[in-house]
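Student: Before I ask anything, let me first share the structure, which is written out below as structure tokens.
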Amino acid sequence: MSSHADLGVSGKKTGTWFEEVATPYYAFTEAGFQVVFASPRGGEAPIDHLSLRAPFTTANTDRFLDDAAGMRAIRETTALAAVDHGDFDALFFPGGYGLLWDLAADSRVIRMVEHALAADTPVAMVCHAPGILRDVKAPNGKPYVAGRTVTGFSNTEDDELDLSRHLLFSLEDDLTLRGADFSRAAANWQPHVVQDGPLITGQNPASAPVIAKTLLARLA
């Protein structure tokens, strides 16, 4: 999860998108997996306030708000420096705008993703989280996404929210420039998930339940 709460200099607040935490969390735990929440700074990970309001809430976000253990996990995330990715069966990155300012430029996160993918460990990223792939390299030193099919929050979805001008970079443009075949749903806000080897990417919040099921199928 991101530790970043500010949307550039816009004055707007951001963080992680709540649905992309809540729905995968219950999918993973109900399948018998232990989930460890981590963030660059550790401690409380900010949640995008917009994702706490209708019409963006879901049955799982409501359930999570009443889940004392889940809420405590978000307030007390483990610092990424204390996490050994080799201890885990998979890595999952929920989205939200905050990570464009920290996770996407965090050398520890980038190395973690590179090592996991090289070891064929599943890595799933949804919404803006595929922005982390911008600087992820394959073992041959080339961009990992070159020649691979990926998805993520599209330019048209950013534009529809009138937030493109506040962002550090466009994940769609940057991944395309690095040779990715960027795939998107036929219409904004529709669920869309792509799997290419151990990498699983999802386009938007509606993709959260689908990407969780896809990752569980890969683990199975």
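In the structure tokens, chains take letters A, B, ... by order of appearance, with residues numbered from 1 within each chain and ligands from 1 in the order shown.
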When DSSP is applied to the backbone of this structure, which of segment 83-136 of chain A are assigned alpha helix (DSSP H)? Write them out as a list in words.
Tutor: Ser107, Arg108, Val109, Ile110, Arg111, Met112, Val113, Glu114, His115, Ala116, Leu117 and Ala118 of chain A
Student: Report as a list in words all protein, DNA and RNA residues lying within 9 Å of Leu133 of chain A, evaluated on only C-alpha atoms, omitting residues in the same chain fewer than 6 positions from it.
Tutor: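 Skipping anything fewer than 6 positions along the chain leaves Ala104, Ile110, Val113, Pro143, Tyr144, Val145, Leu171 and Leu175 of chain A.
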Student: Write the residues of the selection above to a file with C-alpha atoms, as a compact mmCIF listing (two decimals), in the first residue's frame.
Tutor:
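Wrote it out as out.txt, contents follow:
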```
# COMPACT_ATOMS: atom_id res chain seq x y z
CA ALA A 104 6.34 3.64 -8.42
CA ILE A 110 11.07 -2.18 -7.96
CA VAL A 113 8.93 -6.94 -8.15
CA PRO A 143 11.92 -3.11 -19.62
CA TYR A 144 9.98 -6.05 -18.24
CA VAL A 145 6.82 -4.92 -20.02
CA LEU A 171 0.98 4.88 -16.65
CA LEU A 175 4.22 1.54 -20.28
```
Student: Please identify all polymer residues within 12 Å of Leu215 of chain A, counting only C-alpha atoms, omitting same-chain residues fewer than 3 positions from it, and present them as an MDAnalysis selection string.
Tutor: chainID A and resid 24:25 27:28 31 33 89:93 121:126 193:202 208:212 218:220
Student: Would you pick out the contacts of Leu177 of chain A at 12 Å or less, using only C-alpha atoms, so that residues sharing its chain but fewer than 2 positions from it are not included, and give the list as a PDB file with N, CA and C atoms, in the first residue's frame?
Tutor:
```
ATOM      1  N   LEU A 133       5.491  -0.707 -12.806  1.00  0.00           N
ATOM      2  CA  LEU A 133       6.219  -1.437 -13.853  1.00  0.00           C
ATOM      3  C   LEU A 133       7.048  -0.528 -14.745  1.00  0.00           C
ATOM      4  N   ARG A 134       6.852   0.762 -14.627  1.00  0.00           N
ATOM      5  CA  ARG A 134       7.572   1.721 -15.471  1.00  0.00           C
ATOM      6  C   ARG A 134       9.083   1.503 -15.432  1.00  0.00           C
ATOM      7  N   ASP A 135       9.623   1.212 -14.248  1.00  0.00           N
ATOM      8  CA  ASP A 135      11.073   1.062 -14.106  1.00  0.00           C
ATOM      9  C   ASP A 135      11.496  -0.361 -13.770  1.00  0.00           C
ATOM     10  N   PRO A 143      13.165  -3.272 -20.374  1.00  0.00           N
ATOM     11  CA  PRO A 143      11.923  -3.106 -19.619  1.00  0.00           C
ATOM     12  C   PRO A 143      11.135  -4.414 -19.568  1.00  0.00           C
ATOM     13  N   VAL A 145       8.084  -4.939 -19.288  1.00  0.00           N
ATOM     14  CA  VAL A 145       6.820  -4.919 -20.017  1.00  0.00           C
ATOM     15  C   VAL A 145       6.993  -4.981 -21.528  1.00  0.00           C
ATOM     16  N   ALA A 146       8.215  -4.829 -22.023  1.00  0.00           N
ATOM     17  CA  ALA A 146       8.429  -4.827 -23.476  1.00  0.00           C
ATOM     18  C   ALA A 146       7.943  -6.144 -24.076  1.00  0.00           C
ATOM     19  N   GLY A 147       7.012  -6.048 -25.016  1.00  0.00           N
ATOM     20  CA  GLY A 147       6.481  -7.242 -25.663  1.00  0.00           C
ATOM     21  C   GLY A 147       5.444  -7.985 -24.845  1.00  0.00           C
ATOM     22  N   SER A 170       1.600   9.452 -16.826  1.00  0.00           N
ATOM     23  CA  SER A 170       0.527   8.582 -17.289  1.00  0.00           C
ATOM     24  C   SER A 170       1.059   7.168 -17.361  1.00  0.00           C
ATOM     25  N   LEU A 171       0.470   6.253 -16.596  1.00  0.00           N
ATOM     26  CA  LEU A 171       0.978   4.881 -16.645  1.00  0.00           C
ATOM     27  C   LEU A 171       0.737   4.271 -18.017  1.00  0.00           C
ATOM     28  N   GLU A 172      -0.387   4.595 -18.677  1.00  0.00           N
ATOM     29  CA  GLU A 172      -0.645   4.057 -20.011  1.00  0.00           C
ATOM     30  C   GLU A 172       0.431   4.508 -20.994  1.00  0.00           C
ATOM     31  N   ASP A 173       0.754   5.805 -20.983  1.00  0.00           N
ATOM     32  CA  ASP A 173       1.767   6.323 -21.915  1.00  0.00           C
ATOM     33  C   ASP A 173       3.146   5.750 -21.617  1.00  0.00           C
ATOM     34  N   ASP A 174       3.519   5.715 -20.334  1.00  0.00           N
ATOM     35  CA  ASP A 174       4.874   5.274 -19.988  1.00  0.00           C
ATOM     36  C   ASP A 174       5.081   3.791 -20.250  1.00  0.00           C
ATOM     37  N   LEU A 175       4.071   2.967 -20.003  1.00  0.00           N
ATOM     38  CA  LEU A 175       4.225   1.540 -20.283  1.00  0.00           C
ATOM     39  C   LEU A 175       4.241   1.285 -21.791  1.00  0.00           C
ATOM     40  N   GLY A 179       7.344  -0.357 -24.567  1.00  0.00           N
ATOM     41  CA  GLY A 179       7.121  -1.514 -25.425  1.00  0.00           C
ATOM     42  C   GLY A 179       5.984  -2.408 -25.026  1.00  0.00           C
ATOM     43  N   ALA A 180       5.164  -1.999 -24.046  1.00  0.00           N
ATOM     44  CA  ALA A 180       4.043  -2.830 -23.622  1.00  0.00           C
ATOM     45  C   ALA A 180       2.911  -2.757 -24.633  1.00  0.00           C
ATOM     46  N   ASP A 181       2.197  -3.854 -24.751  1.00  0.00           N
ATOM     47  CA  ASP A 181       0.932  -3.870 -25.483  1.00  0.00           C
ATOM     48  C   ASP A 181      -0.136  -3.544 -24.451  1.00  0.00           C
ATOM     49  N   PHE A 182      -0.569  -2.274 -24.414  1.00  0.00           N
ATOM     50  CA  PHE A 182      -1.489  -1.821 -23.374  1.00  0.00           C
ATOM     51  C   PHE A 182      -2.915  -2.146 -23.782  1.00  0.00           C
TER      52      PHE A 182
END
```
Student: What parts of segment 7-198 of chain A does DSSP call strand (DSSP E)? I'd like the answer as a PyMOL selection string.
Tutor: chain A and resi 38-39+78-79+91-93+123-126+149-150+181-182+193-196
Student: Go through segment 135-154 of chain A residue by residue and, counting only C-alpha atoms, keep those with an atom at most 12 Å from segment 95-103 of chain A; for each kept residue give the shortest atom pair and its distance in Å to one decimal, ordered by chain and increasing number, as a tab-separated table.
Tutor:
```
residue	atom	partner	partner_atom	distance
A:Asp135	CA	A:Leu103	CA	11.0
A:Val136	CA	A:Leu103	CA	11.7
A:Gly152	CA	A:Gly95	CA	9.3
A:Phe153	CA	A:Gly95	CA	8.9
```
Student: When you look at Ser51 of chain A with a cut-off of 7 Å (counting only C-alpha atoms), what residues show up, excluding the ones that are within fewer than 5 positions of it in the same chain? I need them as a list in words.
Tutor: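 The filter keeps Trp17, Phe18, Phe56 and Thr57 of chain A.
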Student: Find the distance between atom CA of Thr156 of chain A and atom CA of Thr23 of chain A and write it in Å to one decimal.
Tutor: 24.4 Å
Student: Of the candidates A:Cys127, A:Leu52, A:Leu216, A:Leu161, which one gets nearest to Gln190 of chain A if we count only C-alpha atoms?
Tutor: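 Of A:Cys127, A:Leu52, A:Leu216, A:Leu161, the one nearest Gln190 of chain A, counting only C-alpha atoms, is A:Cys127.
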Student: What does the structure give for the distance between atom CA of Ala38 of chain A and atom CA of Thr77 of chain A, in Å to one decimal?
Tutor: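 Calculated distance between atom CA of Ala38 of chain A and atom CA of Thr77 of chain A is 4.8 Å.
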Student: Record the distance separating atom CA of Asp66 of chain A and atom CA of His49 of chain A, expressed in Å with one decimal.
Tutor: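 Separating atom CA of Asp66 of chain A from atom CA of His49 of chain A is a distance of 16.7 Å.
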Student: Using only C-alpha atoms, which of the listed residues (A:Ser183, A:Thr149, A:Ser154, A:Ser2) sits closest to Pro46 of chain A?
Tutor: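 Counting only C-alpha atoms, the residue closest to Pro46 of chain A is A:Ser2.
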Student: Could you tell me which of A:Arg108, A:Lys137, A:Arg41, A:His166 comes closest to Lys13 of chain A if we count only C-alpha atoms?
Tutor: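 Once distances to Lys13 of chain A are computed over only C-alpha atoms, the minimum belongs to A:His166.
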